[in-house]
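With compact mmCIF, C-alpha atoms inside, this is target13.txt:
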# COMPACT_ATOMS: atom_id res chain seq x y z
CA MET A 1 84.52 -32.96 57.02
CA SER A 2 82.38 -30.18 58.45
CA HIS A 3 85.43 -28.08 59.33
CA LYS A 4 85.91 -27.23 55.64
CA LYS A 5 82.63 -25.24 55.67
CA THR A 6 83.44 -23.29 58.80
CA PRO A 7 85.49 -20.43 57.22
CA ALA A 8 82.73 -19.63 54.68
CA ARG A 9 80.03 -19.77 57.34
CA ASP A 10 82.08 -17.62 59.71
CA GLY A 11 82.79 -15.18 56.90
CA LYS A 12 79.08 -14.81 56.19
CA GLU A 13 78.31 -14.12 59.85
CA ARG A 14 81.19 -11.65 60.10
CA ILE A 15 79.80 -9.78 57.11
CA LEU A 16 76.34 -9.64 58.68
CA ASP A 17 77.74 -8.48 62.03
CA ALA A 18 79.90 -5.77 60.47
CA ALA A 19 77.13 -4.59 58.17
CA GLU A 20 74.66 -4.46 61.05
CA GLN A 21 76.93 -2.24 63.12
CA LEU A 22 77.87 0.08 60.26
CA PHE A 23 74.35 0.42 58.86
CA ALA A 24 73.07 1.22 62.36
CA GLN A 25 75.71 3.92 62.81
CA ARG A 26 75.71 5.53 59.36
CA GLY A 27 72.58 4.43 57.54
CA PHE A 28 72.39 2.68 54.19
CA TYR A 29 74.03 5.39 52.08
CA GLY A 30 76.78 6.18 54.56
CA VAL A 31 78.37 2.74 54.20
CA SER A 32 80.14 1.09 51.27
CA LEU A 33 80.64 -2.61 50.68
CA ARG A 34 84.38 -2.03 51.09
CA ASP A 35 83.74 -0.49 54.53
CA ILE A 36 81.83 -3.60 55.51
CA THR A 37 84.30 -6.14 54.17
CA GLN A 38 87.23 -4.32 55.74
CA ALA A 39 85.46 -4.36 59.11
CA ALA A 40 84.61 -8.03 58.65
CA GLY A 41 88.11 -8.95 57.48
CA VAL A 42 86.93 -10.67 54.30
CA ASP A 43 87.29 -10.16 50.56
CA VAL A 44 84.65 -7.94 48.94
CA ALA A 45 83.78 -10.76 46.51
CA LEU A 46 82.36 -12.75 49.43
CA VAL A 47 79.46 -10.29 49.71
CA GLY A 48 78.44 -11.03 46.16
CA TYR A 49 78.79 -14.77 46.76
CA HIS A 50 76.54 -14.84 49.83
CA PHE A 51 74.13 -11.97 49.28
CA GLY A 52 74.39 -10.39 45.83
CA GLY A 53 74.57 -6.63 46.28
CA LYS A 54 74.40 -4.01 48.98
CA ARG A 55 70.60 -3.85 49.11
CA GLU A 56 70.34 -7.61 49.42
CA LEU A 57 72.86 -7.52 52.26
CA PHE A 58 70.88 -4.74 53.95
CA ALA A 59 67.72 -6.87 53.73
CA ALA A 60 69.55 -9.94 55.06
CA VAL A 61 70.82 -7.99 58.08
CA PHE A 62 67.29 -6.86 58.85
CA GLU A 63 65.74 -10.31 58.37
CA ARG A 64 68.25 -12.22 60.49
CA ARG A 65 67.07 -11.00 63.88
CA ALA A 66 63.50 -10.17 62.83
CA GLU A 67 62.82 -13.90 62.46
CA VAL A 68 64.13 -14.59 65.97
CA LEU A 69 62.05 -11.80 67.52
CA ASN A 70 58.86 -12.71 65.70
CA ARG A 71 59.12 -16.35 66.73
CA GLU A 72 59.66 -15.45 70.40
CA ARG A 73 56.82 -12.95 70.43
CA LEU A 74 54.34 -15.34 68.85
CA GLU A 75 55.33 -18.09 71.27
CA LEU A 76 54.79 -15.77 74.23
CA LEU A 77 51.47 -14.58 72.82
CA GLU A 78 50.19 -18.15 72.44
CA THR A 79 51.34 -18.95 75.98
CA VAL A 80 49.38 -16.08 77.53
CA ARG A 81 46.38 -16.77 75.31
CA ARG A 82 46.22 -20.45 76.29
CA ALA A 83 46.72 -19.61 79.96
CA ALA A 84 43.64 -17.36 79.88
CA LEU A 85 41.28 -19.85 78.21
CA PRO A 86 38.29 -20.04 78.10
CA GLY A 87 38.53 -16.26 78.50
CA ALA A 88 40.84 -13.72 76.90
CA PRO A 89 44.21 -12.64 78.34
CA ALA A 90 44.66 -9.35 80.15
CA LEU A 91 45.79 -6.43 78.02
CA GLU A 92 48.98 -6.10 80.07
CA ALA A 93 49.92 -9.73 79.29
CA ILE A 94 49.32 -9.23 75.56
CA VAL A 95 51.40 -6.07 75.44
CA ALA A 96 54.18 -7.70 77.49
CA ALA A 97 54.32 -10.60 75.01
CA PHE A 98 54.86 -8.05 72.26
CA THR A 99 57.49 -5.99 74.07
CA ARG A 100 59.35 -8.36 76.39
CA PRO A 101 61.52 -10.15 73.78
CA LEU A 102 62.73 -6.81 72.42
CA LEU A 103 63.42 -5.32 75.83
CA GLU A 104 65.17 -8.46 77.08
CA ARG A 105 67.40 -8.58 74.01
CA ALA A 106 68.14 -4.88 74.20
CA ALA A 107 69.05 -5.08 77.89
CA ARG A 108 71.04 -8.32 77.86
CA GLY A 109 71.56 -9.39 74.24
CA GLY A 110 74.91 -7.70 73.67
CA PRO A 111 76.13 -5.02 71.24
CA GLY A 112 74.78 -6.83 68.17
CA TRP A 113 71.21 -6.46 69.37
CA LYS A 114 71.84 -2.84 70.32
CA SER A 115 72.92 -2.17 66.74
CA TYR A 116 69.93 -4.04 65.39
CA PHE A 117 67.40 -1.99 67.34
CA ALA A 118 69.09 1.21 66.21
CA LEU A 119 68.79 -0.13 62.66
CA ILE A 120 65.06 -0.81 63.15
CA ALA A 121 64.58 2.80 64.28
CA TYR A 122 66.44 3.98 61.17
CA ILE A 123 64.41 1.77 58.82
CA ASN A 124 61.08 2.55 60.48
CA ASN A 125 61.69 6.28 59.96
CA SER A 126 62.88 5.89 56.38
CA PRO A 127 60.30 6.62 53.63
CA GLU A 128 62.46 4.59 51.25
CA PHE A 129 62.96 1.44 53.31
CA GLY A 130 60.37 1.53 56.08
CA PRO A 131 57.07 0.80 54.29
CA ALA A 132 58.27 -2.26 52.38
CA MET A 133 60.59 -3.81 54.98
CA MET A 134 58.46 -3.22 58.07
CA THR A 135 55.32 -4.34 56.24
CA ARG A 136 56.87 -7.54 54.99
CA HIS A 137 58.47 -8.64 58.25
CA PHE A 138 56.26 -7.22 60.99
CA ASP A 139 52.72 -6.72 59.64
CA PRO A 140 51.74 -10.42 59.87
CA LEU A 141 52.93 -10.39 63.48
CA GLY A 142 51.01 -7.18 64.14
CA GLU A 143 47.80 -8.61 62.71
CA ARG A 144 48.07 -11.60 65.05
CA PHE A 145 48.53 -9.39 68.09
CA ILE A 146 45.68 -7.13 67.01
CA ALA A 147 43.43 -10.19 66.66
CA VAL A 148 44.13 -11.18 70.28
CA LEU A 149 43.66 -7.58 71.43
CA ARG A 150 40.24 -7.66 69.78
CA GLU A 151 39.42 -10.83 71.69
CA ALA A 152 40.34 -9.06 74.92
CA LEU A 153 38.33 -5.96 73.93
CA PRO A 154 35.32 -7.41 72.07
CA ARG A 155 33.20 -4.25 72.36
CA CYS A 156 35.96 -1.91 71.22
CA PRO A 157 35.80 -0.63 67.62
CA PRO A 158 38.69 -2.13 65.61
CA ARG A 159 39.76 1.35 64.55
CA GLU A 160 40.68 2.26 68.13
CA ILE A 161 42.70 -0.94 68.57
CA TYR A 162 44.67 -0.23 65.40
CA TRP A 163 45.41 3.26 66.70
CA GLY A 164 46.56 1.79 70.00
CA TYR A 165 48.87 -0.62 68.20
CA GLN A 166 50.31 2.28 66.19
CA PHE A 167 51.07 4.19 69.38
CA LEU A 168 52.68 1.09 70.92
CA THR A 169 55.06 0.56 68.01
CA GLY A 170 55.91 4.26 67.98
CA ALA A 171 56.79 4.16 71.68
CA LEU A 172 59.04 1.16 71.12
CA THR A 173 60.83 2.77 68.18
CA LEU A 174 61.54 5.92 70.17
CA THR A 175 62.73 3.90 73.17
CA PHE A 176 65.25 1.95 71.09
CA ALA A 177 66.46 5.05 69.29
CA GLU A 178 67.93 6.17 72.65
CA THR A 179 68.06 9.85 71.70
CA GLY A 180 68.88 10.84 75.28
CA ARG A 181 65.98 13.31 75.42
CA ILE A 182 64.33 11.67 78.46
CA ASP A 183 67.68 11.72 80.28
CA GLN A 184 68.05 15.46 79.67
CA LEU A 185 64.42 16.35 80.29
CA SER A 186 64.30 14.52 83.63
CA GLY A 187 67.71 15.68 84.74
CA GLY A 188 68.86 12.07 85.06
CA LEU A 189 65.75 10.97 86.97
CA CYS A 190 64.77 8.76 84.01
CA ARG A 191 67.25 7.04 81.73
CA ALA A 192 66.52 5.63 78.28
CA ALA A 193 69.04 2.86 78.89
CA ASP A 194 67.03 1.60 81.89
CA LEU A 195 65.19 -1.01 79.84
CA ASP A 196 64.05 -2.93 82.91
CA GLY A 197 62.34 0.27 84.00
CA VAL A 198 60.79 0.60 80.54
CA HIS A 199 59.45 -2.94 80.77
CA GLU A 200 57.80 -2.29 84.13
CA ARG A 201 56.02 0.80 82.82
CA LEU A 202 55.30 0.19 79.15
CA ALA A 203 52.70 -2.61 79.42
CA PRO A 204 50.46 -0.86 81.99
CA TYR A 205 50.85 2.43 80.12
CA VAL A 206 49.77 0.96 76.78
CA ALA A 207 47.00 -1.14 78.35
CA ALA A 208 45.54 1.94 80.06
CA GLY A 209 45.73 3.84 76.79
CA LEU A 210 43.86 1.10 74.93
CA ARG A 211 41.15 1.04 77.58
CA ALA A 212 40.82 4.81 77.35
CA LEU A 213 40.55 4.73 73.56
CA CYS A 214 37.82 2.10 73.77
CA ALA A 215 35.94 3.90 76.54
CA ARG A 216 35.69 7.14 74.56
CA VAL A 217 33.69 5.43 71.81
CA GLN A 218 30.23 4.25 72.78
CA PRO A 219 29.28 1.04 70.94
CA ALA A 220 26.10 1.21 68.89
CA ALA A 221 23.03 -0.60 70.19
CA ARG A 222 22.59 -4.10 68.81
CA PRO A 223 19.87 -4.59 66.17
CA GLY A 224 16.58 -5.60 67.73
CA LYS A 225 17.65 -4.55 71.19
CA ARG A 226 15.22 -2.18 72.84
CA VAL A 227 16.65 0.91 74.44
CA GLU A 228 15.57 1.09 78.03
CA ARG A 229 13.98 4.32 79.05
CA ARG A 230 12.78 5.66 82.34
CA ALA A 231 9.06 5.87 82.86
CA GLN A 232 7.87 9.47 82.78
CA PRO A 233 6.12 10.60 85.94
CA ARG A 234 2.37 11.12 85.58
CA ARG A 235 1.01 14.62 85.94
Just give me the structure of the file as structure tokens.
Amino acid sequence: MSHKKTPARDGKERILDAAEQLFAQRGFYGVSLRDITQAAGVDVALVGYHFGGKRELFAAVFERRAEVLNRERLELLETVRRAALPGAPALEAIVAAFTRPLLERAARGGPGWKSYFALIAYINNSPEFGPAMMTRHFDPLGERFIAVLREALPRCPPREIYWGYQFLTGALTLTFAETGRIDQLSGGLCRAADLDGVHERLAPYVAAGLRALCARVQPAARPGKRVERRAQPRR
């Protein structure tokens, strides 16, 4: 009996796959529903049946893989956190839990994931779509990672950790955009497509940056704690 549902389910996935690729290549306004349904090989009415309109389809494309990534990242974060108990995990391990699922998918997940990461870069840089979509799907994840970063850096002002997180997400967005600038600038010595190389370098780079941000801000003395001073020599 289940075989009767297969065409509809396959049609829905084909729509999502086609929309993902086209939105990543042309952006939201450069693609029509007819473009998507022609690429998917389905009737245009099927979009309305499964998703509603173009904006709802755009949101569904974004949500589909965001849920997978967020689940994997949180699982990795809890693994490194539990492994470090009763202490806090190393900064490099926390950052790797945040970045590894993305880099692994980008390197070995196939063309669908490539399109998705290009779509994330597009959405993240869009004043129209970025604030609402990124906030809804990635801010709860970010708050959880920031909480564990604060455990690892208990004397660091929260403001500096939030700045460090902002720089981390910016570095990831630029990496997945694959503009080719690093390839040109280095004369081929560095390649944006070398995601294994990115993984080896990104965690220590971000961890060092977080430590530097925290080190530049001296924590205030605790209430009631006497400031130690040197005894002045007698004259």
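The shell of residues at most 7 Å from stretch 67-77 of chain A, with only C-alpha atoms counted and near chain neighbours (fewer than 5 positions) removed, consists of Ile94, Ala97, Phe98, Pro101 and Leu141 of chain A.
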Mind pulling up the distance from atom CA of A:Val198 to atom CA of A:Ala83?
->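 Distance between the two atoms: 24.6 Å.
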Gap from atom CA of A:Gly41 to atom CA of A:Ala66 - Å, one decimal |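 Going from atom CA of A:Gly41 over to atom CA of A:Ala66 covers 25.2 Å.
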Point (70.6, -10.0, 56.7), cut-off 12 Å, counting all atoms listed in the file, residues as a ChimeraX atom specification = /A:12-21,23,47,50-67,116,119,133
What is the atom CA of A:Glu92 to atom CA of A:Ala203 distance in Å?
->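 Atom CA of A:Glu92 sits 5.1 Å away from atom CA of A:Ala203.
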Hey, can you pull every residue with an atom no more than 12 Å from (44.3, 0.0, 79.5), using only C-alpha atoms, and send it as a ChimeraX atom specification?
-> /A:90-95,149,152-153,156,161,164,202-215
Residue with smallest distance to A:Ala147 - pool A:Pro89, A:Ser115, A:Tyr49, A:Ala24, counting all atoms listed in the file = A:Pro89
